[in-house]
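Pasting run.json here (JSON, C-alpha atoms and all ligand atoms):
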```
[["chain", "number", "residue", "atom", "x", "y", "z"],
["A", 614, "MET", "CA", 33.36, -63.26, 0.60],
["A", 615, "VAL", "CA", 34.06, -59.51, 0.73],
["A", 616, "SER", "CA", 31.68, -57.21, -1.07],
["A", 617, "ILE", "CA", 33.17, -54.37, -3.12],
["A", 618, "ILE", "CA", 31.27, -51.10, -2.64],
["A", 619, "ASP", "CA", 30.58, -49.52, -6.04],
["A", 620, "GLY", "CA", 30.91, -45.74, -5.56],
["A", 621, "ASN", "CA", 30.27, -45.05, -9.24],
["A", 622, "ALA", "CA", 26.87, -46.75, -9.07],
["A", 623, "VAL", "CA", 25.80, -44.98, -5.86],
["A", 624, "ALA", "CA", 26.98, -41.62, -7.24],
["A", 625, "ALA", "CA", 24.93, -42.23, -10.39],
["A", 626, "THR", "CA", 21.74, -42.68, -8.34],
["A", 627, "ILE", "CA", 22.46, -39.42, -6.48],
["A", 628, "ARG", "CA", 22.95, -37.57, -9.77],
["A", 629, "GLU", "CA", 19.73, -39.10, -11.10],
["A", 630, "ASP", "CA", 17.79, -37.81, -8.06],
["A", 631, "LEU", "CA", 19.35, -34.37, -8.53],
["A", 632, "LYS", "CA", 18.00, -34.07, -12.08],
["A", 633, "ASP", "CA", 14.44, -33.59, -10.79],
["A", 634, "LYS", "CA", 15.57, -30.86, -8.40],
["A", 635, "ILE", "CA", 17.55, -29.12, -11.15],
["A", 636, "ASN", "CA", 14.45, -29.19, -13.38],
["A", 637, "ILE", "CA", 12.35, -27.55, -10.65],
["A", 638, "LEU", "CA", 14.94, -24.75, -10.41],
["A", 639, "LYS", "CA", 15.21, -24.39, -14.19],
["A", 640, "ASP", "CA", 11.42, -24.22, -14.58],
["A", 641, "SER", "CA", 11.59, -21.17, -12.31],
["A", 642, "GLY", "CA", 14.35, -19.61, -14.39],
["A", 643, "VAL", "CA", 17.33, -20.59, -12.21],
["A", 644, "THR", "CA", 20.19, -22.74, -13.55],
["A", 645, "PRO", "CA", 22.52, -23.83, -10.73],
["A", 646, "GLY", "CA", 26.05, -22.53, -11.36],
["A", 647, "LEU", "CA", 29.37, -23.75, -9.94],
["A", 648, "ALA", "CA", 32.81, -22.16, -10.34],
["A", 649, "THR", "CA", 36.06, -24.00, -9.70],
["A", 650, "VAL", "CA", 39.23, -22.09, -8.91],
["A", 651, "LEU", "CA", 42.51, -23.90, -9.57],
["A", 652, "MET", "CA", 45.75, -22.35, -8.35],
["A", 653, "SER", "CA", 48.09, -25.28, -8.79],
["A", 654, "GLU", "CA", 49.98, -27.23, -11.42],
["A", 655, "ASP", "CA", 49.44, -30.53, -9.64],
["A", 656, "PRO", "CA", 48.19, -32.96, -12.32],
["A", 657, "ALA", "CA", 45.83, -34.73, -9.87],
["A", 658, "SER", "CA", 44.20, -31.41, -8.89],
["A", 659, "ARG", "CA", 43.74, -30.53, -12.57],
["A", 660, "THR", "CA", 42.04, -33.87, -13.17],
["A", 661, "TYR", "CA", 39.71, -33.44, -10.19],
["A", 662, "VAL", "CA", 38.69, -29.95, -11.35],
["A", 663, "SER", "CA", 38.00, -31.08, -14.91],
["A", 664, "MET", "CA", 35.84, -33.96, -13.61],
["A", 665, "LYS", "CA", 33.81, -31.49, -11.50],
["A", 666, "GLN", "CA", 33.32, -29.31, -14.59],
["A", 667, "ARG", "CA", 32.18, -32.32, -16.61],
["A", 668, "ASP", "CA", 29.71, -33.39, -13.88],
["A", 669, "CYS", "CA", 28.07, -29.93, -14.04],
["A", 670, "GLU", "CA", 27.78, -30.06, -17.82],
["A", 671, "GLU", "CA", 26.27, -33.55, -17.73],
["A", 672, "LEU", "CA", 23.62, -32.38, -15.25],
["A", 673, "GLY", "CA", 22.80, -29.27, -17.30],
["A", 674, "MET", "CA", 24.28, -26.93, -14.71],
["A", 675, "ASN", "CA", 26.47, -23.90, -15.48],
["A", 676, "ALA", "CA", 30.19, -24.36, -14.86],
["A", 677, "VAL", "CA", 32.94, -21.73, -14.81],
["A", 678, "ASP", "CA", 36.55, -22.87, -14.83],
["A", 679, "ILE", "CA", 39.01, -20.33, -13.35],
["A", 680, "VAL", "CA", 42.76, -20.97, -13.40],
["A", 681, "ILE", "CA", 45.17, -18.70, -11.53],
["A", 682, "ASP", "CA", 48.93, -18.79, -11.94],
["A", 683, "PRO", "CA", 50.26, -20.48, -8.75],
["A", 684, "THR", "CA", 52.97, -17.80, -8.41],
["A", 685, "SER", "CA", 50.39, -14.97, -8.27],
["A", 686, "PRO", "CA", 50.09, -12.93, -5.06],
["A", 687, "PRO", "CA", 47.20, -13.68, -2.66],
["A", 688, "GLU", "CA", 45.45, -10.45, -3.76],
["A", 689, "GLU", "CA", 44.83, -11.89, -7.22],
["A", 690, "LEU", "CA", 43.04, -14.89, -5.72],
["A", 691, "TYR", "CA", 41.10, -12.65, -3.31],
["A", 692, "SER", "CA", 39.87, -10.38, -6.08],
["A", 693, "THR", "CA", 38.69, -13.48, -8.02],
["A", 694, "LEU", "CA", 36.75, -14.58, -4.93],
["A", 695, "ASP", "CA", 35.22, -11.10, -4.52],
["A", 696, "THR", "CA", 34.01, -11.26, -8.13],
["A", 697, "LEU", "CA", 32.49, -14.71, -7.59],
["A", 698, "ASN", "CA", 30.80, -13.54, -4.37],
["A", 699, "SER", "CA", 28.98, -10.80, -6.29],
["A", 700, "ASN", "CA", 28.10, -12.88, -9.39],
["A", 701, "SER", "CA", 24.48, -13.99, -8.92],
["A", 702, "ASP", "CA", 24.78, -16.66, -11.66],
["A", 703, "ILE", "CA", 27.34, -18.51, -9.52],
["A", 704, "HIS", "CA", 25.60, -20.19, -6.59],
["A", 705, "GLY", "CA", 28.61, -22.10, -5.33],
["A", 706, "TYR", "CA", 32.33, -22.21, -5.84],
["A", 707, "LEU", "CA", 35.44, -23.87, -4.48],
["A", 708, "VAL", "CA", 39.17, -23.35, -4.44],
["A", 709, "GLN", "CA", 40.79, -26.69, -5.20],
["A", 710, "MET", "CA", 43.14, -27.72, -2.37],
["A", 711, "PRO", "CA", 46.06, -27.85, -1.86],
["A", 712, "ILE", "CA", 46.96, -24.26, -2.68],
["A", 713, "PRO", "CA", 50.49, -22.75, -2.83],
["A", 714, "SER", "CA", 52.13, -22.24, 0.56],
["A", 715, "HIS", "CA", 52.28, -18.42, 0.21],
["A", 716, "ILE", "CA", 48.46, -18.27, 0.36],
["A", 717, "PRO", "CA", 47.15, -18.23, 3.97],
["A", 718, "VAL", "CA", 44.34, -20.83, 3.94],
["A", 719, "GLN", "CA", 42.37, -19.32, 6.81],
["A", 720, "GLU", "CA", 42.33, -15.86, 5.21],
["A", 721, "LEU", "CA", 41.21, -17.31, 1.90],
["A", 722, "LEU", "CA", 38.37, -19.24, 3.58],
["A", 723, "PHE", "CA", 37.12, -16.09, 5.32],
["A", 724, "ARG", "CA", 36.91, -14.39, 1.89],
["A", 725, "ILE", "CA", 34.39, -16.91, 0.57],
["A", 726, "ASP", "CA", 30.73, -15.90, 0.98],
["A", 727, "PRO", "CA", 29.54, -18.70, 3.34],
["A", 728, "ILE", "CA", 26.30, -19.15, 1.37],
["A", 729, "LYS", "CA", 28.41, -19.98, -1.73],
["A", 730, "ASP", "CA", 30.85, -22.21, 0.17],
["A", 731, "VAL", "CA", 29.73, -25.54, -1.28],
["A", 732, "ASP", "CA", 32.81, -27.26, 0.17],
["A", 733, "GLY", "CA", 31.60, -26.36, 3.67],
["A", 734, "PHE", "CA", 35.10, -25.14, 4.67],
["A", 735, "HIS", "CA", 34.28, -21.53, 5.75],
["A", 736, "PRO", "CA", 34.59, -21.18, 9.56],
["A", 737, "GLU", "CA", 30.89, -20.22, 9.77],
["A", 738, "ASN", "CA", 29.90, -23.45, 8.01],
["A", 739, "VAL", "CA", 32.34, -25.47, 10.12],
["A", 740, "GLY", "CA", 30.72, -23.96, 13.24],
["A", 741, "LEU", "CA", 27.23, -24.80, 12.01],
["A", 742, "LEU", "CA", 28.31, -28.38, 11.36],
["A", 743, "VAL", "CA", 30.01, -28.86, 14.74],
["A", 744, "SER", "CA", 27.04, -27.35, 16.59],
["A", 745, "GLY", "CA", 24.67, -29.77, 14.89],
["A", 746, "ASN", "CA", 22.98, -27.60, 12.22],
["A", 747, "PRO", "CA", 25.01, -28.15, 9.07],
["A", 748, "ARG", "CA", 24.30, -25.85, 6.11],
["A", 749, "TYR", "CA", 26.50, -27.61, 3.53],
["A", 750, "LYS", "CA", 27.93, -30.95, 4.60],
["A", 751, "PRO", "CA", 31.54, -31.29, 3.36],
["A", 752, "CYS", "CA", 31.46, -33.41, 0.22],
["A", 753, "THR", "CA", 33.70, -36.37, 1.08],
["A", 754, "PRO", "CA", 32.28, -36.95, 4.60],
["A", 755, "HIS", "CA", 28.71, -36.64, 3.30],
["A", 756, "GLY", "CA", 29.52, -39.00, 0.43],
["A", 757, "ILE", "CA", 30.86, -41.57, 2.91],
["A", 758, "GLN", "CA", 27.63, -41.39, 4.93],
["A", 759, "LYS", "CA", 25.64, -41.95, 1.72],
["A", 760, "LEU", "CA", 27.86, -44.91, 0.75],
["A", 761, "LEU", "CA", 27.29, -46.60, 4.13],
["A", 762, "GLU", "CA", 23.55, -45.96, 3.84],
["A", 763, "SER", "CA", 23.51, -47.47, 0.33],
["A", 764, "ILE", "CA", 24.76, -50.81, 1.65],
["A", 765, "ASP", "CA", 22.51, -50.68, 4.72],
["A", 766, "VAL", "CA", 25.36, -50.30, 7.20],
["A", 767, "GLU", "CA", 23.89, -48.78, 10.34],
["A", 768, "THR", "CA", 26.20, -46.29, 12.13],
["A", 769, "SER", "CA", 24.16, -45.89, 15.32],
["A", 770, "GLY", "CA", 26.01, -47.33, 18.31],
["A", 771, "LYS", "CA", 28.89, -48.60, 16.15],
["A", 772, "ASP", "CA", 32.58, -48.14, 16.88],
["A", 773, "ILE", "CA", 33.92, -46.11, 13.97],
["A", 774, "VAL", "CA", 37.65, -45.44, 13.73],
["A", 775, "VAL", "CA", 38.66, -42.56, 11.45],
["A", 776, "VAL", "CA", 42.38, -42.54, 10.60],
["A", 777, "GLY", "CA", 43.22, -38.98, 9.52],
["A", 778, "ARG", "CA", 42.53, -35.55, 11.02],
["A", 779, "SER", "CA", 42.38, -33.19, 8.05],
["A", 780, "ASN", "CA", 39.98, -30.26, 7.88],
["A", 781, "ILE", "CA", 38.68, -31.65, 4.57],
["A", 782, "VAL", "CA", 37.84, -35.20, 5.67],
["A", 783, "GLY", "CA", 38.82, -36.50, 9.13],
["A", 784, "LYS", "CA", 37.53, -33.70, 11.38],
["A", 785, "PRO", "CA", 34.21, -32.98, 9.63],
["A", 786, "LEU", "CA", 33.56, -36.70, 9.14],
["A", 787, "ALA", "CA", 34.07, -37.43, 12.84],
["A", 788, "ASN", "CA", 31.63, -34.63, 13.67],
["A", 789, "LEU", "CA", 28.97, -35.86, 11.25],
["A", 790, "LEU", "CA", 29.19, -39.44, 12.50],
["A", 791, "LEU", "CA", 28.85, -38.22, 16.11],
["A", 792, "GLN", "CA", 25.67, -36.23, 15.54],
["A", 793, "LYS", "CA", 22.30, -37.21, 16.90],
["A", 794, "SER", "CA", 20.92, -37.81, 13.43],
["A", 795, "PRO", "CA", 20.31, -40.57, 10.91],
["A", 796, "ASN", "CA", 23.70, -41.86, 9.67],
["A", 797, "GLY", "CA", 25.24, -40.56, 12.91],
["A", 798, "ASN", "CA", 25.02, -41.68, 16.57],
["A", 799, "ALA", "CA", 28.34, -43.54, 16.30],
["A", 800, "THR", "CA", 31.13, -43.81, 18.86],
["A", 801, "VAL", "CA", 33.95, -42.17, 16.94],
["A", 802, "THR", "CA", 37.70, -42.50, 17.55],
["A", 803, "VAL", "CA", 39.95, -40.21, 15.52],
["A", 804, "CYS", "CA", 43.48, -41.55, 14.98],
["A", 805, "HIS", "CA", 46.30, -40.22, 12.82],
["A", 806, "SER", "CA", 49.86, -40.85, 11.69],
["A", 807, "ARG", "CA", 51.25, -40.12, 15.21],
["A", 808, "THR", "CA", 48.78, -42.28, 17.14],
["A", 809, "ASN", "CA", 50.48, -44.72, 19.52],
["A", 810, "ASN", "CA", 49.49, -48.40, 19.28],
["A", 811, "LEU", "CA", 47.40, -47.72, 16.18],
["A", 812, "PRO", "CA", 46.63, -51.40, 15.37],
["A", 813, "GLU", "CA", 45.11, -51.84, 18.85],
["A", 814, "LYS", "CA", 42.70, -49.03, 18.05],
["A", 815, "THR", "CA", 41.91, -49.95, 14.45],
["A", 816, "ARG", "CA", 41.10, -53.52, 15.51],
["A", 817, "GLU", "CA", 38.28, -52.12, 17.67],
["A", 818, "ALA", "CA", 36.51, -50.74, 14.59],
["A", 819, "ASP", "CA", 33.19, -51.97, 13.24],
["A", 820, "ILE", "CA", 33.76, -49.41, 10.48],
["A", 821, "LEU", "CA", 37.28, -48.24, 9.59],
["A", 822, "ILE", "CA", 37.69, -45.07, 7.53],
["A", 823, "ALA", "CA", 41.20, -44.32, 6.24],
["A", 824, "ALA", "CA", 41.90, -40.71, 5.23],
["A", 825, "VAL", "CA", 45.53, -40.24, 6.20],
["A", 826, "GLY", "CA", 47.10, -39.73, 2.75],
["A", 827, "ILE", "CA", 49.78, -42.41, 3.15],
["A", 828, "PRO", "CA", 49.83, -45.24, 0.58],
["A", 829, "GLU", "CA", 48.64, -48.57, 2.03],
["A", 830, "PHE", "CA", 49.09, -47.34, 5.62],
["A", 831, "ILE", "CA", 46.43, -49.76, 6.91],
["A", 832, "ASP", "CA", 46.79, -53.47, 6.23],
["A", 833, "GLY", "CA", 44.73, -56.55, 7.03],
["A", 834, "SER", "CA", 46.66, -57.33, 10.22],
["A", 835, "MET", "CA", 45.29, -54.07, 11.70],
["A", 836, "LEU", "CA", 41.66, -55.05, 11.14],
["A", 837, "SER", "CA", 39.10, -57.29, 12.79],
["A", 838, "LYS", "CA", 37.04, -59.83, 10.92],
["A", 839, "ASN", "CA", 33.88, -58.45, 9.25],
["A", 840, "VAL", "CA", 34.87, -54.79, 9.45],
["A", 841, "VAL", "CA", 33.52, -52.35, 6.84],
["A", 842, "VAL", "CA", 36.44, -50.47, 5.25],
["A", 843, "ILE", "CA", 36.11, -47.06, 3.58],
["A", 844, "ASP", "CA", 39.32, -45.95, 1.83],
["A", 845, "VAL", "CA", 39.50, -42.22, 1.10],
["A", 846, "GLY", "CA", 43.14, -42.22, -0.04],
["A", 847, "VAL", "CA", 44.12, -41.65, -3.66],
["A", 848, "ASN", "CA", 47.90, -41.94, -3.87],
["A", 849, "ARG", "CA", 50.03, -42.06, -7.01],
["A", 850, "VAL", "CA", 52.75, -44.70, -6.68],
["A", 851, "GLU", "CA", 55.41, -44.87, -9.41],
["A", 852, "ASP", "CA", 55.55, -48.05, -11.48],
["A", 853, "ASP", "CA", 56.68, -49.35, -14.89],
["A", 854, "SER", "CA", 53.33, -48.80, -16.65],
["A", 855, "ASP", "CA", 52.89, -46.42, -19.61],
["A", 856, "LYS", "CA", 51.43, -43.79, -17.27],
["A", 857, "GLY", "CA", 54.38, -44.20, -14.93],
["A", 858, "TYR", "CA", 52.22, -44.62, -11.84],
["A", 859, "ARG", "CA", 49.30, -46.53, -10.35],
["A", 860, "LEU", "CA", 46.69, -45.38, -7.89],
["A", 861, "VAL", "CA", 46.57, -46.97, -4.45],
["A", 862, "GLY", "CA", 44.49, -46.14, -1.42],
["A", 863, "ASP", "CA", 45.46, -45.65, 2.23],
["A", 864, "VAL", "CA", 44.49, -49.30, 2.73],
["A", 865, "GLU", "CA", 46.34, -52.35, 1.39],
["A", 866, "PHE", "CA", 43.42, -53.71, -0.59],
["A", 867, "ASP", "CA", 44.28, -57.44, -0.83],
["A", 868, "SER", "CA", 45.07, -58.11, 2.84],
["A", 869, "ALA", "CA", 42.20, -55.86, 4.02],
["A", 870, "SER", "CA", 39.76, -57.70, 1.72],
["A", 871, "GLU", "CA", 40.56, -60.95, 3.51],
["A", 872, "LYS", "CA", 39.23, -59.49, 6.75],
["A", 873, "ALA", "CA", 36.53, -57.08, 5.61],
["A", 874, "LYS", "CA", 32.83, -57.69, 5.09],
["A", 875, "ALA", "CA", 32.76, -54.77, 2.61],
["A", 876, "ILE", "CA", 35.41, -52.43, 1.20],
["A", 877, "THR", "CA", 35.65, -49.48, -1.20],
["A", 878, "PRO", "CA", 38.03, -49.80, -4.16],
["A", 879, "VAL", "CA", 40.49, -47.09, -5.27],
["A", 880, "PRO", "CA", 39.59, -45.70, -7.72],
["A", 881, "GLY", "CA", 35.80, -46.07, -7.94],
["A", 882, "GLY", "CA", 34.87, -45.88, -4.25],
["A", 883, "VAL", "CA", 34.79, -42.59, -2.37],
["A", 884, "GLY", "CA", 36.02, -40.31, -5.23],
["A", 885, "PRO", "CA", 32.82, -40.38, -7.33],
["A", 886, "MET", "CA", 30.77, -39.76, -4.16],
["A", 887, "THR", "CA", 32.73, -36.58, -3.33],
["A", 888, "ARG", "CA", 31.87, -35.20, -6.77],
["A", 889, "ALA", "CA", 28.20, -36.22, -6.52],
["A", 890, "MET", "CA", 27.84, -34.47, -3.15],
["A", 891, "LEU", "CA", 29.45, -31.32, -4.60],
["A", 892, "MET", "CA", 26.69, -31.28, -7.21],
["A", 893, "TYR", "CA", 24.16, -31.85, -4.40],
["A", 894, "ASN", "CA", 25.50, -28.87, -2.42],
["A", 895, "THR", "CA", 25.51, -26.64, -5.51],
["A", 896, "VAL", "CA", 21.85, -27.44, -6.20],
["A", 897, "GLN", "CA", 21.07, -26.75, -2.53],
["A", 898, "ALA", "CA", 22.98, -23.43, -2.78],
["A", 899, "ALA", "CA", 20.93, -22.42, -5.84],
["A", 900, "SER", "CA", 17.71, -23.25, -3.99],
["A", 901, "LEU", "CA", 18.77, -21.25, -0.90],
["A", 902, "GLN", "CA", 19.84, -18.20, -2.90],
["A", 903, "SER", "CA", 16.76, -18.11, -5.12],
["A", 904, "ASN", "CA", 14.25, -19.01, -2.38],
["A", 905, "ILE", "CA", 12.91, -21.83, -4.52],
["A", 906, "PRO", "CA", 12.20, -24.90, -2.38],
["A", 907, "ILE", "CA", 13.25, -28.19, -3.96],
["B", 1, "LIG", "N1", 41.15, -31.31, -2.38],
["B", 1, "LIG", "C1", 40.88, -32.59, -2.01],
["B", 1, "LIG", "N2", 39.58, -32.74, -1.69],
["B", 1, "LIG", "C2", 39.01, -31.51, -1.86],
["B", 1, "LIG", "C3", 37.68, -31.03, -1.68],
["B", 1, "LIG", "O1", 36.76, -31.74, -1.28],
["B", 1, "LIG", "N3", 37.51, -29.69, -1.96],
["B", 1, "LIG", "C4", 38.51, -28.88, -2.37],
["B", 1, "LIG", "N4", 38.24, -27.58, -2.60],
["B", 1, "LIG", "N5", 39.76, -29.31, -2.54],
["B", 1, "LIG", "C5", 40.00, -30.63, -2.29]]
```

Would you give me this structure, written as structure tokens?
Amino acid sequence: MVSIIDGNAVAATIREDLKDKINILKDSGVTPGLATVLMSEDPASRTYVSMKQRDCEELGMNAVDIVIDPTSPPEELYSTLDTLNSNSDIHGYLVQMPIPSHIPVQELLFRIDPIKDVDGFHPENVGLLVSGNPRYKPCTPHGIQKLLESIDVETSGKDIVVVGRSNIVGKPLANLLLQKSPNGNATVTVCHSRTNNLPEKTREADILIAAVGIPEFIDGSMLSKNVVVIDVGVNRVEDDSDKGYRLVGDVEFDSASEKAKAITPVPGGVGPMTRAMLMYNTVQAASLQSNIPI
């Protein structure tokens, strides 16, 4: 019988642990502060940002919600980032991705003060991660490591297949799982939408992580018995419901469940963990910037 991995429950324990650290900071006069920058009209992005704001409020952290017209020139975004860099009440901030195509992503990332880059996307933080000394672990990859740990799935020596090569999930996740560290030491194969003979590769996986952004791209026929499946995808698929859509992952849940030992649901699997690890990084950023050990 497959076990369904409850991301909401694991995220709640991480938030609970964070409360003690937040109290230590507050007792020394520092309230961790996060700013979100939204430059998009995408309804899913708006929802994600408002959930991040709510998480901060529930933990007693400061939250600033900045919305920029998506047609604005890059300079308007850059001057917002400059202001956040010099605001000592804001310990971490993020620009919700995706951003409009007229904004050069690399230039925007270089504008973020790396010590406030709680996404871990700045090239300096990417370099630290790849070279084995991560400052802020990117939220979704770190959340996946914590999910596996919560169900006592050992990564050391395992064959882990990551399907997806994004800078947000696939690439940093592969690097984390490779590291000589607890929750690492895996043999990692990174596949993507252009990989030849994909089912041959996915069937080799002890742990399969799908982060390719294509609805139900992986089905049960591509998996071996007793695999652990982590589904990062959140795709809106139109249907006849009142909302007009339903959410599906990158994995076809029913057929994959017949093969898997454990699987994350969509929603309620990886998503809540991403948000919990953002709170974790923001608390860490506040500690680093105030020199208060937690
Ligand atoms: N869009 C999807 N995931 C993320 C994330 O982790 N951070 C940011 N900034 N944007 C995203």

Selection near Glu671 of chain A, 12 Å with all atoms listed in the file, sequence-local residues under 4 positions removed, as a list in words
Ala625, Arg628, Glu629, Leu631, Lys632, Ile635, Met664, Lys665, Gln666, Arg667, Asn675, Ala676, Ala889 and Met892 of chain A

Separation of atom CA of Cys752 of chain A and atom CA of Leu672 of chain A, in Å?
17.4 Å

Separation of atom CA of Lys759 of chain A from atom CA of Pro645 of chain A in Å
22.2 Å

Once you count all atoms listed in the file, which residues end up within 6 Å of ligand LIG 1 (chain B), and could you hand them over as a list in words?
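Using all atoms listed in the file, I find these residues within 6 Å of ligand LIG 1 (chain B): Leu707, Val708, Gln709, Met710, Asp732 and Cys752 of chain A.
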
Return the padded bounding box of segment 729-743 of chain A as lines of an AutoDock Vina configuration file: axis-aligned, built from all atoms listed in the file, 3 Å added on each side, with centre and edge lengths in Å to one decimal.
```
center_x = 31.2
center_y = -24.4
center_z = 6.5
size_x = 13.9
size_y = 14.9
size_z = 22.5
```

Excluding same-chain residues fewer than 2 positions from Met614 of chain A, what lies within 9 Å of it counting all atoms listed in the file, as an MDAnalysis selection string?
chainID A and resid 616 870:871 873:875

Would you mind listing what lies within 10 Å of Pro713 of chain A as a VMD selection string, with all atoms listed in the file counted and same-chain residues fewer than 3 positions away left out?
chain A and resid 652 to 654 683 to 685 687 710 716 to 718

Residues from last step as file, C-alpha atoms, as a PDB file, in the coordinates of the input:
```
ATOM      1  CA  MET A 652      45.750 -22.350  -8.350  1.00  0.00           C
ATOM      2  CA  SER A 653      48.090 -25.280  -8.790  1.00  0.00           C
ATOM      3  CA  GLU A 654      49.980 -27.230 -11.420  1.00  0.00           C
ATOM      4  CA  PRO A 683      50.260 -20.480  -8.750  1.00  0.00           C
ATOM      5  CA  THR A 684      52.970 -17.800  -8.410  1.00  0.00           C
ATOM      6  CA  SER A 685      50.390 -14.970  -8.270  1.00  0.00           C
ATOM      7  CA  PRO A 687      47.200 -13.680  -2.660  1.00  0.00           C
ATOM      8  CA  MET A 710      43.140 -27.720  -2.370  1.00  0.00           C
ATOM      9  CA  ILE A 716      48.460 -18.270   0.360  1.00  0.00           C
ATOM     10  CA  PRO A 717      47.150 -18.230   3.970  1.00  0.00           C
ATOM     11  CA  VAL A 718      44.340 -20.830   3.940  1.00  0.00           C
TER      12      VAL A 718
END
```

Counting all atoms listed in the file, closest pick from A:Leu742, A:Leu638, A:Val840, A:Val845 relative to Val776 of chain A is A:Val845

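Nearest-residue note for Ile712 of chain A: choosing from A:Pro686, A:Pro795, A:Gly646, A:Gly857, the minimum distance belongs to A:Pro686, counting all atoms listed in the file.
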
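Here atom CA of Ser763 of chain A stands at a distance of 23.6 Å from atom CA of Val861 of chain A.
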
Rank nothing, just name the residue among A:Pro906, A:Pro656, A:Gly620, A:Pro751 nearest to Pro878 of chain A, using all atoms listed in the file.
A:Gly620

For a quick check of understanding, using only C-alpha atoms, which of A:Asp630, A:Asp678, A:Asp702, A:Glu767 has the smallest distance to Ser903 of chain A?
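For Ser903 of chain A, the nearest of the given residues is A:Asp702.
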
List the spatial neighbours of Val803 of chain A as a PyMOL selection string - criterion: any atom at most 9 Å away, all atoms listed in the file, same-chain residues fewer than 3 positions off excluded.
chain A and resi 773-778+783-784+787

Using only C-alpha atoms, the best pick from A:Asn738, A:Thr626, A:Ser794, A:Asn848 as closest to Leu722 of chain A would be A:Asn738

Sel. within 8 Å of pt (22.6, -23.4, -7.1), counting only C-alpha atoms, output as a PyMOL selection string:
chain A and resi 643-647+703-705+894-902

Quick one: residues within 12 Å of Phe734 of chain A, all atoms listed in the file, excluding same-chain residues fewer than 5 positions away - as a count of residues only?
35

From the set A:Asp668, A:Asp640, A:Asp655, A:Asp863, which residue has the shortest atom-to-atom contact distance to Ile627 of chain A, counting only C-alpha atoms?
A:Asp668

Residues around (35.1, -63.2, 10.3), cut-off 7 Å, counting all atoms listed in the file - what are they as a list of chain:residue names?
A:Lys838, A:Asn839, A:Lys872
